[in-house]
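K.L.:
For reference, this is input09.txt, and it has compact mmCIF, C-alpha atoms.
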# COMPACT_ATOMS: atom_id res chain seq x y z
CA MET A 1 8.14 -26.31 -8.34
CA LEU A 2 6.18 -23.41 -9.83
CA SER A 3 2.83 -25.21 -9.77
CA GLY A 4 0.21 -23.16 -7.97
CA LEU A 5 1.73 -19.81 -8.92
CA LYS A 6 -0.32 -17.48 -11.09
CA VAL A 7 1.19 -16.09 -14.28
CA LYS A 8 -0.65 -12.79 -13.66
CA ASN A 9 0.96 -12.46 -10.22
CA ILE A 10 4.40 -13.28 -11.59
CA LEU A 11 4.12 -10.63 -14.32
CA PHE A 12 2.87 -7.93 -11.95
CA ILE A 13 5.54 -8.70 -9.35
CA LEU A 14 8.18 -8.29 -12.06
CA LEU A 15 6.52 -5.05 -13.17
CA GLY A 16 6.59 -3.76 -9.59
CA ALA A 17 10.26 -4.74 -9.26
CA ALA A 18 11.06 -2.84 -12.47
CA ILE A 19 9.23 0.31 -11.33
CA MET A 20 10.91 0.26 -7.93
CA SER A 21 14.39 -0.34 -9.41
CA PHE A 22 13.92 2.43 -11.96
CA GLY A 23 13.19 4.90 -9.17
CA LEU A 24 16.12 3.73 -7.06
CA VAL A 25 18.64 4.12 -9.88
CA ASN A 26 17.35 7.27 -11.54
CA PHE A 27 16.19 9.25 -8.49
CA ASN A 28 17.83 7.88 -5.33
CA MET A 29 21.27 6.99 -6.68
CA GLN A 30 21.57 9.89 -9.14
CA ASN A 31 20.66 12.45 -6.47
CA LYS A 32 22.45 10.79 -3.52
CA LEU A 33 19.26 10.10 -1.61
CA ALA A 34 19.19 7.19 0.81
CA GLU A 35 16.43 4.61 1.13
CA GLY A 36 15.03 2.55 3.96
CA GLY A 37 15.08 -1.16 4.63
CA PHE A 38 17.57 -3.60 3.20
CA THR A 39 17.58 -1.64 -0.03
CA GLY A 40 18.77 1.34 1.97
CA ILE A 41 21.58 -0.74 3.43
CA ALA A 42 22.55 -1.79 -0.11
CA LEU A 43 22.64 1.88 -1.15
CA LEU A 44 24.70 2.68 1.94
CA PHE A 45 27.28 0.10 0.83
CA TYR A 46 27.18 1.60 -2.66
CA PHE A 47 27.89 5.17 -1.53
CA LEU A 48 30.53 4.11 1.01
CA PHE A 49 32.31 1.27 -0.78
CA LYS A 50 30.96 1.42 -4.36
CA TRP A 51 29.49 -2.06 -4.01
CA ASP A 52 26.94 -2.79 -6.70
CA PRO A 53 23.49 -2.76 -4.98
CA SER A 54 22.17 -5.35 -7.43
CA TYR A 55 24.50 -7.88 -5.77
CA SER A 56 24.51 -6.65 -2.15
CA ASN A 57 20.70 -6.47 -2.12
CA LEU A 58 20.54 -10.15 -3.02
CA PHE A 59 23.21 -11.25 -0.55
CA LEU A 60 21.60 -9.33 2.34
CA ASN A 61 18.27 -11.06 1.78
CA ILE A 62 19.49 -14.65 1.68
CA PRO A 63 19.23 -15.19 5.49
CA LEU A 64 15.64 -13.89 5.52
CA PHE A 65 14.62 -16.36 2.83
CA PHE A 66 14.77 -19.08 5.47
CA ILE A 67 12.40 -17.10 7.72
CA GLY A 68 10.11 -16.53 4.77
CA TRP A 69 10.01 -20.24 3.99
CA LYS A 70 8.97 -21.14 7.53
CA LEU A 71 6.44 -18.39 8.20
CA LEU A 72 5.06 -17.04 4.92
CA GLY A 73 4.10 -20.24 3.16
CA ARG A 74 5.28 -21.79 -0.07
CA ASN A 75 3.65 -19.48 -2.63
CA THR A 76 4.51 -16.26 -0.81
CA PHE A 77 8.05 -17.53 -0.36
CA LEU A 78 8.42 -18.20 -4.08
CA TYR A 79 6.88 -14.83 -4.93
CA THR A 80 9.36 -13.24 -2.50
CA ILE A 81 12.30 -14.87 -4.24
CA LEU A 82 10.87 -13.63 -7.54
CA GLY A 83 10.48 -10.07 -6.22
CA THR A 84 13.93 -9.95 -4.62
CA VAL A 85 15.74 -11.42 -7.62
CA GLY A 86 13.65 -9.21 -9.91
CA VAL A 87 14.73 -6.05 -8.07
CA SER A 88 18.39 -7.09 -8.26
CA ILE A 89 18.14 -7.88 -11.99
CA PHE A 90 16.44 -4.57 -12.81
CA LEU A 91 18.90 -2.66 -10.62
CA TRP A 92 21.68 -4.21 -12.68
CA ILE A 93 19.95 -3.32 -15.98
CA PHE A 94 19.04 0.28 -15.10
CA GLN A 95 22.54 0.98 -13.80
CA ARG A 96 23.96 -0.06 -17.18
CA TYR A 97 21.31 1.90 -19.09
CA PRO A 98 20.40 4.89 -16.89
CA ILE A 99 18.29 7.86 -17.89
CA GLU A 100 20.05 11.09 -16.98
CA MET A 101 17.68 13.23 -14.92
CA PRO A 102 19.84 15.54 -12.79
CA LEU A 103 17.63 16.95 -10.05
CA GLU A 104 20.21 17.82 -7.40
CA SER A 105 19.15 21.46 -7.71
CA ASP A 106 15.54 20.44 -6.99
CA LEU A 107 15.66 17.73 -4.33
CA THR A 108 11.97 18.23 -3.57
CA LEU A 109 11.08 16.88 -7.00
CA ALA A 110 13.68 14.12 -6.70
CA ALA A 111 12.29 13.03 -3.31
CA LEU A 112 8.73 13.12 -4.64
CA PHE A 113 9.53 10.88 -7.61
CA ALA A 114 11.72 8.58 -5.53
CA GLY A 115 8.87 8.02 -3.06
CA VAL A 116 6.21 7.57 -5.73
CA PHE A 117 8.21 5.05 -7.79
CA THR A 118 9.22 3.05 -4.71
CA GLY A 119 5.67 3.11 -3.32
CA ILE A 120 4.02 2.09 -6.58
CA GLY A 121 6.56 -0.66 -7.20
CA LEU A 122 6.31 -2.13 -3.71
CA GLY A 123 2.52 -1.66 -3.64
CA ILE A 124 2.15 -3.74 -6.82
CA ILE A 125 4.45 -6.45 -5.46
CA PHE A 126 2.57 -6.63 -2.14
CA ARG A 127 -0.84 -6.58 -3.80
CA TYR A 128 0.04 -9.63 -5.88
CA GLY A 129 1.34 -11.70 -2.99
CA GLY A 130 5.07 -11.02 -3.06
CA THR A 131 7.69 -9.05 -1.19
CA THR A 132 11.19 -7.89 -2.07
CA GLY A 133 12.71 -9.59 0.97
CA GLY A 134 14.36 -7.78 3.86
CA VAL A 135 12.11 -5.45 5.79
CA ASP A 136 9.23 -6.37 3.46
CA ILE A 137 9.21 -9.84 5.02
CA ILE A 138 9.42 -8.33 8.50
CA ALA A 139 6.56 -5.91 7.72
CA ARG A 140 4.37 -8.71 6.38
CA LEU A 141 5.01 -10.79 9.50
CA VAL A 142 4.22 -7.85 11.80
CA GLN A 143 1.00 -7.25 9.87
CA LYS A 144 0.08 -10.93 10.20
CA TYR A 145 0.78 -11.31 13.92
CA ALA A 146 0.47 -7.76 15.35
CA GLY A 147 -2.03 -6.15 13.00
CA TRP A 148 0.14 -3.17 12.04
CA ASN A 149 -0.19 -1.95 8.47
CA MET A 150 2.89 -2.62 6.39
CA GLY A 151 3.62 1.02 5.64
CA LYS A 152 3.91 1.90 9.33
CA THR A 153 6.32 -0.95 10.08
CA MET A 154 8.46 -0.11 7.07
CA PHE A 155 8.59 3.58 8.00
CA LEU A 156 9.89 2.81 11.50
CA PHE A 157 12.53 0.42 10.19
CA ASP A 158 13.45 2.87 7.45
CA ALA A 159 14.03 5.62 9.99
CA CYS A 160 16.70 3.48 11.68
CA VAL A 161 18.47 2.80 8.38
CA ILE A 162 18.34 6.47 7.37
CA THR A 163 19.78 7.47 10.74
CA LEU A 164 22.68 5.11 10.06
CA SER A 165 23.08 6.65 6.60
CA LEU A 166 23.08 10.13 8.14
CA VAL A 167 26.00 9.40 10.43
CA THR A 168 28.00 7.81 7.59
CA TYR A 169 27.55 9.61 4.28
CA LEU A 170 24.41 11.77 4.11
CA ASN A 171 24.39 15.46 4.87
CA TYR A 172 21.42 16.87 6.77
CA LYS A 173 19.71 18.19 3.65
CA GLN A 174 19.88 14.85 1.87
CA ALA A 175 18.65 13.09 5.02
CA MET A 176 15.58 15.33 5.30
CA TYR A 177 14.65 14.83 1.67
CA THR A 178 15.17 11.10 2.08
CA LEU A 179 12.66 11.10 4.94
CA VAL A 180 10.20 12.89 2.66
CA ALA A 181 10.69 10.22 -0.02
CA VAL A 182 10.27 7.38 2.48
CA PHE A 183 7.11 8.93 3.96
CA ILE A 184 5.58 9.39 0.51
CA GLY A 185 6.49 5.82 -0.41
CA ALA A 186 4.82 4.45 2.75
CA ARG A 187 1.63 6.39 2.05
CA VAL A 188 1.52 5.22 -1.58
CA ILE A 189 1.94 1.61 -0.43
CA ASP A 190 -0.97 1.90 2.02
CA PHE A 191 -3.09 3.61 -0.64
CA MET A 192 -2.51 0.78 -3.11
CA LEU A 193 -3.08 -1.99 -0.58
CA GLU A 194 -6.21 -0.46 0.95
CA GLY A 195 -7.68 0.19 -2.47
CA ALA A 196 -7.77 3.17 -4.75
CA TYR A 197 -11.57 3.18 -4.57
CA SER A 198 -12.89 5.12 -1.59
CA ALA A 199 -16.56 4.73 -0.68
CA ARG A 200 -18.59 6.08 2.23
CA GLY A 201 -20.38 4.17 4.97
CA ALA A 202 -23.41 5.69 6.68
CA MET A 203 -24.84 4.78 10.09
CA ILE A 204 -28.41 6.07 10.39
CA ILE A 205 -30.53 6.33 13.53
CA SER A 206 -34.12 7.45 13.05
CA GLU A 207 -37.68 6.85 14.15
CA LYS A 208 -38.50 6.20 10.49
CA ASN A 209 -35.95 3.54 9.63
CA GLU A 210 -38.27 1.47 7.45
CA GLN A 211 -39.24 4.43 5.26
CA ILE A 212 -35.60 5.56 4.94
CA ALA A 213 -34.39 2.07 4.02
CA ALA A 214 -37.15 1.64 1.45
CA LYS A 215 -36.42 5.00 -0.18
CA ILE A 216 -32.65 4.35 -0.34
CA MET A 217 -33.21 0.98 -1.99
CA GLU A 218 -35.83 2.38 -4.38
CA GLU A 219 -34.16 5.66 -5.42
CA MET A 220 -30.47 4.77 -5.11
CA ASP A 221 -30.52 1.01 -5.72
CA ARG A 222 -28.26 0.48 -2.70
CA GLY A 223 -28.64 -2.19 -0.07
CA VAL A 224 -29.39 -1.27 3.54
CA THR A 225 -28.69 -3.44 6.58
CA ALA A 226 -30.62 -3.10 9.83
CA LEU A 227 -28.45 -3.65 12.90
CA ARG A 228 -29.61 -4.12 16.47
CA GLY A 229 -28.67 -1.23 18.72
CA TYR A 230 -29.28 -0.21 22.33
CA GLY A 231 -29.75 3.35 23.48
CA SER A 232 -27.78 4.01 26.66
CA TYR A 233 -29.88 7.08 27.44
CA THR A 234 -33.33 5.72 26.53
CA LYS A 235 -32.52 2.19 27.82
CA SER A 236 -34.36 0.71 24.86
CA GLU A 237 -33.48 -1.35 21.79
CA ARG A 238 -33.66 0.23 18.38
CA GLU A 239 -32.54 -0.44 14.84
CA VAL A 240 -29.50 1.20 13.31
CA LEU A 241 -29.26 1.31 9.51
CA TYR A 242 -25.96 0.80 7.72
CA CYS A 243 -25.44 1.64 4.07
CA VAL A 244 -22.38 1.92 1.81
CA VAL A 245 -22.48 4.23 -1.21
CA ALA A 246 -20.01 5.62 -3.71
CA LYS A 247 -18.22 8.82 -2.74
CA ASN A 248 -20.13 10.86 -5.32
CA GLU A 249 -23.48 9.57 -3.96
CA ILE A 250 -23.09 10.84 -0.41
CA VAL A 251 -24.94 14.16 -0.99
CA ARG A 252 -27.78 12.29 -2.65
CA LEU A 253 -27.94 9.87 0.31
CA LYS A 254 -28.15 12.75 2.78
CA ASN A 255 -30.97 14.33 0.75
CA VAL A 256 -32.89 11.04 0.70
CA ILE A 257 -32.56 10.66 4.48
CA THR A 258 -33.51 14.29 5.15
CA SER A 259 -36.57 14.06 2.91
CA VAL A 260 -37.94 11.30 5.16
CA ASP A 261 -36.65 12.43 8.55
CA PRO A 262 -34.88 15.82 8.88
CA HIS A 263 -33.99 14.94 12.48
CA ALA A 264 -32.27 11.61 11.72
CA PHE A 265 -28.82 11.07 13.20
CA VAL A 266 -26.32 10.22 10.44
CA SER A 267 -22.63 9.31 10.85
CA ILE A 268 -20.46 9.14 7.71
CA THR A 269 -17.18 7.20 7.60
CA ILE A 270 -14.59 6.59 4.88
CA VAL A 271 -14.53 3.04 3.49
CA HIS A 272 -11.17 2.39 1.83
CA ASP A 273 -12.04 -0.83 0.05
CA VAL A 274 -15.38 -2.39 -0.91
CA HIS A 275 -16.13 -5.89 -2.18
CA GLY A 276 -19.54 -7.25 -3.06
CA GLU A 277 -22.68 -6.60 -5.05
CA GLY A 278 -22.95 -3.12 -6.48
CA PHE A 279 -19.22 -2.47 -6.16
CA THR A 280 -17.13 -5.44 -7.34
CA LEU A 281 -19.99 -7.83 -8.20
CA ASP A 282 -23.07 -7.32 -10.38
CA GLU A 283 -26.58 -8.44 -9.51
CA ASN A 284 -25.73 -11.96 -10.70
CA LYS A 285 -22.72 -12.16 -8.31
CA MET A 286 -20.30 -11.95 -11.22
CA PRO A 287 -17.15 -9.76 -11.08
CA LEU A 288 -17.54 -6.33 -12.64
CA ILE A 289 -13.80 -6.23 -13.42
CA ASP A 290 -11.59 -9.27 -13.97
Starting from the file, lay out its structure as structure tokens.
P.N.:
Amino acid sequence: MLSGLKVKNILFILLGAAIMSFGLVNFNMQNKLAEGGFTGIALLFYFLFKWDPSYSNLFLNIPLFFIGWKLLGRNTFLYTILGTVGVSIFLWIFQRYPIEMPLESDLTLAALFAGVFTGIGLGIIFRYGGTTGGVDIIARLVQKYAGWNMGKTMFLFDACVITLSLVTYLNYKQAMYTLVAVFIGARVIDFMLEGAYSARGAMIISEKNEQIAAKIMEEMDRGVTALRGYGSYTKSEREVLYCVVAKNEIVRLKNVITSVDPHAFVSITIVHDVHGEGFTLDENKMPLID
């Protein structure tokens, strides 16, 4: 049944589940902060009825397993079961062996750590092909069919759950700090999924494209692609150069362009993730990092 699953993915999904559960127990539960998604519903049941979230989290996700099986595919479904069960197991463990970190007098710090631990944990799980069930499945489906990033979908769903928590057991102060934690968690998830490495992409329009391209390739050892463009004002075709460089090379790139054509038009954009030669592959097309 487990054929086709990668041991590396399994280990990292369990690591992500452990990190997330540690934050939930030691920052959310200890400081009476809510959480979004199905985990937030499990915490709501804990604060209202003292139901163990390690069990309620699992029971709430069972119906969505059937959706996951139909729409996510076999491997993702199995990774989802692993992530969901892993979170429940680690919630059970960390509740029995908690680390006392009372931060009720500093809820800003508690919210910060709650968001970071949840975001890192979920980001690792998502990056290695899993989910933790519940809204994670919904967010993955929305990303697949509607193109929304997962953090945005989760934040909207989380807001509904937190509103429900507010009218049941949270006071306004705890609700506001919970929103801070959820927002931080969503941003951390997006950061991890889009890639920690941030490069820069440059679009260059000049009358001296050939000289600029040659100098970039010679002095910076970066590839340059010539794209076909059309000037709406001049009504003529012209080449547009596109080049991706590391963030710390952008000043050098500007100097190279200016040295050839001080009047060149240059547009710089942020590139969140880069794959290919010079970034993730060497000159022999082999991975730089396994």
K.L.:
Adding 6 Å on each side of the box along x, y and z that holds all listed atoms of range 171-177 of chain A, could you give its centre and edge lengths in Å to one decimal, as lines of an AutoDock Vina configuration file?
P.N.:
center_x = 19.5
center_y = 15.6
center_z = 4.2
size_x = 21.7
size_y = 17.1
size_z = 17.1
K.L.:
Could you make a table, as JSON lines, of the residues of range 142-205 of chain A that have an atom within 8 Å of an atom of range 101-112 of chain A, each with its nearest atom pair and distance in Å to one decimal, counting all atoms listed in the file, in chain and number order?
P.N.:
{"residue": "A:Tyr177", "atom": "CA", "partner": "A:Ala111", "partner_atom": "CA", "distance": 5.8}
{"residue": "A:Thr178", "atom": "CA", "partner": "A:Ala111", "partner_atom": "CA", "distance": 6.4}
{"residue": "A:Val180", "atom": "CA", "partner": "A:Ala111", "partner_atom": "CA", "distance": 6.3}
{"residue": "A:Ala181", "atom": "CA", "partner": "A:Ala111", "partner_atom": "CA", "distance": 4.6}
{"residue": "A:Ile184", "atom": "CA", "partner": "A:Leu112", "partner_atom": "CA", "distance": 7.1}
K.L.:
In Å to one decimal, how far is CA of Thr153 in chain A from CA of Ile138 in chain A?
P.N.:
8.2 Å
K.L.:
When distances are computed from only C-alpha atoms, which of A:Ala114, A:Val87, A:Val224, A:Leu82 shows the smallest separation from Phe27 in chain A?
P.N.:
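Selected residue with least distance to Phe27 in chain A: A:Ala114.
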K.L.:
Excluding Val135 in chain A and its own-chain neighbours fewer than 5 positions away, which residues fall within 7 Å of it when counting all atoms listed in the file? Please give them as a list in words.
P.N.:
Gly37, Phe38 and Met154 of chain A
K.L.:
I'd like the contact shell of Ile205 in chain A - 8 Å cut-off, all atoms listed in the file, skipping same-chain residues fewer than 3 positions apart - returned as a PyMOL selection string.
P.N.:
chain A and resi 209+239-241+264-266
K.L.:
So which one's closest to Phe94 in chain A, A:Ser206, A:Gly201, A:Ser21, A:Gly185? Using all atoms listed in the file, please.
P.N.:
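Ranked by minimum distance to Phe94 in chain A, first place goes to A:Ser21.
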K.L.:
Just to confirm, what's the straight-line distance from CA of Ile216 in chain A to CA of Pro262 in chain A in Å (one decimal)?
P.N.:
14.9 Å
K.L.:
Please compute the CA of Arg74 in chain A-CA of Leu141 in chain A distance, one decimal, in Å.
P.N.:
14.6 Å
K.L.:
For Phe12 in chain A, find every residue with an atom within 9 Å (counting all atoms listed in the file), except residues of its own chain fewer than 4 positions away, and show them as a list in words.
P.N.:
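Contacts, with the query itself left out: Val7, Lys8, Gly16, Ala17, Ile124, Ile125 and Tyr128 of chain A.
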K.L.:
Got a sec: who's within 10 Å of range 65-67 of chain A, counting only C-alpha atoms, leaving out chain neighbours fewer than 5 positions off, as an mmCIF file with C-alpha atoms, keeping the file's coordinate frame?
P.N.:
data_model
loop_
_atom_site.group_PDB
_atom_site.id
_atom_site.type_symbol
_atom_site.label_atom_id
_atom_site.label_comp_id
_atom_site.auth_asym_id
_atom_site.auth_seq_id
_atom_site.Cartn_x
_atom_site.Cartn_y
_atom_site.Cartn_z
ATOM 1 C CA LEU A 60 21.600 -9.330 2.340
ATOM 2 C CA LEU A 72 5.060 -17.040 4.920
ATOM 3 C CA GLY A 73 4.100 -20.240 3.160
ATOM 4 C CA PHE A 77 8.050 -17.530 -0.360
ATOM 5 C CA LEU A 78 8.420 -18.200 -4.080
ATOM 6 C CA THR A 80 9.360 -13.240 -2.500
ATOM 7 C CA ILE A 81 12.300 -14.870 -4.240
ATOM 8 C CA THR A 84 13.930 -9.950 -4.620
ATOM 9 C CA GLY A 133 12.710 -9.590 0.970
ATOM 10 C CA GLY A 134 14.360 -7.780 3.860
ATOM 11 C CA ILE A 137 9.210 -9.840 5.020
ATOM 12 C CA ILE A 138 9.420 -8.330 8.500
ATOM 13 C CA LEU A 141 5.010 -10.790 9.500
#
K.L.:
For C-alpha atoms, please extract range 77-166 of chain A from the block and return it as a PDB file, in the first residue's frame.
P.N.:
ATOM      1  CA  PHE A  77      -4.202  11.096   0.004  1.00  0.00           C
ATOM      2  CA  LEU A  78      -1.803   8.788   1.844  1.00  0.00           C
ATOM      3  CA  TYR A  79       0.453  11.715   2.750  1.00  0.00           C
ATOM      4  CA  THR A  80      -2.648  13.522   4.050  1.00  0.00           C
ATOM      5  CA  ILE A  81      -3.563  10.612   6.291  1.00  0.00           C
ATOM      6  CA  LEU A  82       0.038  10.594   7.517  1.00  0.00           C
ATOM      7  CA  GLY A  83      -0.019  14.343   8.232  1.00  0.00           C
ATOM      8  CA  THR A  84      -3.402  14.279   9.975  1.00  0.00           C
ATOM      9  CA  VAL A  85      -2.616  11.239  12.114  1.00  0.00           C
ATOM     10  CA  GLY A  86       0.846  12.668  12.807  1.00  0.00           C
ATOM     11  CA  VAL A  87      -0.620  15.924  14.133  1.00  0.00           C
ATOM     12  CA  SER A  88      -3.033  14.023  16.384  1.00  0.00           C
ATOM     13  CA  ILE A  89      -0.256  11.777  17.727  1.00  0.00           C
ATOM     14  CA  PHE A  90       2.075  14.694  18.471  1.00  0.00           C
ATOM     15  CA  LEU A  91      -0.769  16.685  20.032  1.00  0.00           C
ATOM     16  CA  TRP A  92      -1.332  13.745  22.357  1.00  0.00           C
ATOM     17  CA  ILE A  93       2.399  13.506  23.202  1.00  0.00           C
ATOM     18  CA  PHE A  94       3.014  17.226  23.786  1.00  0.00           C
ATOM     19  CA  GLN A  95      -0.071  17.512  25.987  1.00  0.00           C
ATOM     20  CA  ARG A  96       1.326  14.777  28.235  1.00  0.00           C
ATOM     21  CA  TYR A  97       4.820  16.297  28.214  1.00  0.00           C
ATOM     22  CA  PRO A  98       4.330  20.070  27.841  1.00  0.00           C
ATOM     23  CA  ILE A  99       6.996  22.729  28.222  1.00  0.00           C
ATOM     24  CA  GLU A 100       5.794  25.466  30.548  1.00  0.00           C
ATOM     25  CA  MET A 101       6.198  28.816  28.784  1.00  0.00           C
ATOM     26  CA  PRO A 102       3.662  31.199  30.356  1.00  0.00           C
ATOM     27  CA  LEU A 103       3.320  34.171  28.028  1.00  0.00           C
ATOM     28  CA  GLU A 104      -0.143  35.431  28.953  1.00  0.00           C
ATOM     29  CA  SER A 105       1.458  38.707  30.053  1.00  0.00           C
ATOM     30  CA  ASP A 106       3.058  39.051  26.602  1.00  0.00           C
ATOM     31  CA  LEU A 107       0.493  37.849  24.067  1.00  0.00           C
ATOM     32  CA  THR A 108       2.399  39.546  21.245  1.00  0.00           C
ATOM     33  CA  LEU A 109       5.255  37.099  21.713  1.00  0.00           C
ATOM     34  CA  ALA A 110       2.840  34.197  22.147  1.00  0.00           C
ATOM     35  CA  ALA A 111       1.019  35.095  18.907  1.00  0.00           C
ATOM     36  CA  LEU A 112       4.315  35.478  17.054  1.00  0.00           C
ATOM     37  CA  PHE A 113       5.584  32.049  18.091  1.00  0.00           C
ATOM     38  CA  ALA A 114       2.191  30.427  17.533  1.00  0.00           C
ATOM     39  CA  GLY A 115       2.088  31.739  13.958  1.00  0.00           C
ATOM     40  CA  VAL A 116       5.697  30.855  13.178  1.00  0.00           C
ATOM     41  CA  PHE A 117       5.460  27.277  14.490  1.00  0.00           C
ATOM     42  CA  THR A 118       2.154  26.643  12.713  1.00  0.00           C
ATOM     43  CA  GLY A 119       3.415  28.202   9.479  1.00  0.00           C
ATOM     44  CA  ILE A 120       6.706  26.308   9.458  1.00  0.00           C
ATOM     45  CA  GLY A 121       5.014  23.023  10.319  1.00  0.00           C
ATOM     46  CA  LEU A 122       2.302  23.346   7.671  1.00  0.00           C
ATOM     47  CA  GLY A 123       4.777  24.739   5.122  1.00  0.00           C
ATOM     48  CA  ILE A 124       6.987  21.649   5.489  1.00  0.00           C
ATOM     49  CA  ILE A 125       3.991  19.324   5.193  1.00  0.00           C
ATOM     50  CA  PHE A 126       2.698  21.096   2.069  1.00  0.00           C
ATOM     51  CA  ARG A 127       6.133  21.273   0.469  1.00  0.00           C
ATOM     52  CA  TYR A 128       6.535  17.504   0.727  1.00  0.00           C
ATOM     53  CA  GLY A 129       3.168  16.666  -0.771  1.00  0.00           C
ATOM     54  CA  GLY A 130       0.947  16.272   2.279  1.00  0.00           C
ATOM     55  CA  THR A 131      -1.758  18.129   4.147  1.00  0.00           C
ATOM     56  CA  THR A 132      -3.141  17.871   7.664  1.00  0.00           C
ATOM     57  CA  GLY A 133      -6.694  17.351   6.427  1.00  0.00           C
ATOM     58  CA  GLY A 134      -9.558  19.762   6.992  1.00  0.00           C
ATOM     59  CA  VAL A 135      -9.096  23.188   5.482  1.00  0.00           C
ATOM     60  CA  ASP A 136      -5.688  22.095   4.158  1.00  0.00           C
ATOM     61  CA  ILE A 137      -7.491  19.796   1.719  1.00  0.00           C
ATOM     62  CA  ILE A 138      -9.922  22.568   0.811  1.00  0.00           C
ATOM     63  CA  ALA A 139      -7.049  25.038   0.281  1.00  0.00           C
ATOM     64  CA  ARG A 140      -5.172  22.584  -1.943  1.00  0.00           C
ATOM     65  CA  LEU A 141      -8.291  21.999  -4.035  1.00  0.00           C
ATOM     66  CA  VAL A 142      -8.930  25.733  -4.391  1.00  0.00           C
ATOM     67  CA  GLN A 143      -5.312  26.220  -5.460  1.00  0.00           C
ATOM     68  CA  LYS A 144      -5.661  23.423  -8.016  1.00  0.00           C
ATOM     69  CA  TYR A 145      -8.941  24.557  -9.584  1.00  0.00           C
ATOM     70  CA  ALA A 146      -9.136  28.321  -8.866  1.00  0.00           C
ATOM     71  CA  GLY A 147      -5.474  29.310  -8.716  1.00  0.00           C
ATOM     72  CA  TRP A 148      -5.599  30.916  -5.267  1.00  0.00           C
ATOM     73  CA  ASN A 149      -2.513  30.483  -3.120  1.00  0.00           C
ATOM     74  CA  MET A 150      -3.075  28.217  -0.152  1.00  0.00           C
ATOM     75  CA  GLY A 151      -2.297  30.845   2.466  1.00  0.00           C
ATOM     76  CA  LYS A 152      -5.060  33.145   1.208  1.00  0.00           C
ATOM     77  CA  THR A 153      -7.701  30.407   1.233  1.00  0.00           C
ATOM     78  CA  MET A 154      -6.689  29.276   4.705  1.00  0.00           C
ATOM     79  CA  PHE A 155      -6.764  32.831   6.057  1.00  0.00           C
ATOM     80  CA  LEU A 156     -10.350  33.373   4.853  1.00  0.00           C
ATOM     81  CA  PHE A 157     -11.530  30.071   6.310  1.00  0.00           C
ATOM     82  CA  ASP A 158      -9.624  30.747   9.518  1.00  0.00           C
ATOM     83  CA  ALA A 159     -11.366  34.094   9.938  1.00  0.00           C
ATOM     84  CA  CYS A 160     -14.735  32.313  10.000  1.00  0.00           C
ATOM     85  CA  VAL A 161     -13.557  29.832  12.635  1.00  0.00           C
ATOM     86  CA  ILE A 162     -12.035  32.587  14.770  1.00  0.00           C
ATOM     87  CA  THR A 163     -15.274  34.560  14.577  1.00  0.00           C
ATOM     88  CA  LEU A 164     -17.082  31.502  15.911  1.00  0.00           C
ATOM     89  CA  SER A 165     -14.478  31.210  18.679  1.00  0.00           C
ATOM     90  CA  LEU A 166     -14.963  34.887  19.534  1.00  0.00           C
TER      91      LEU A 166
END
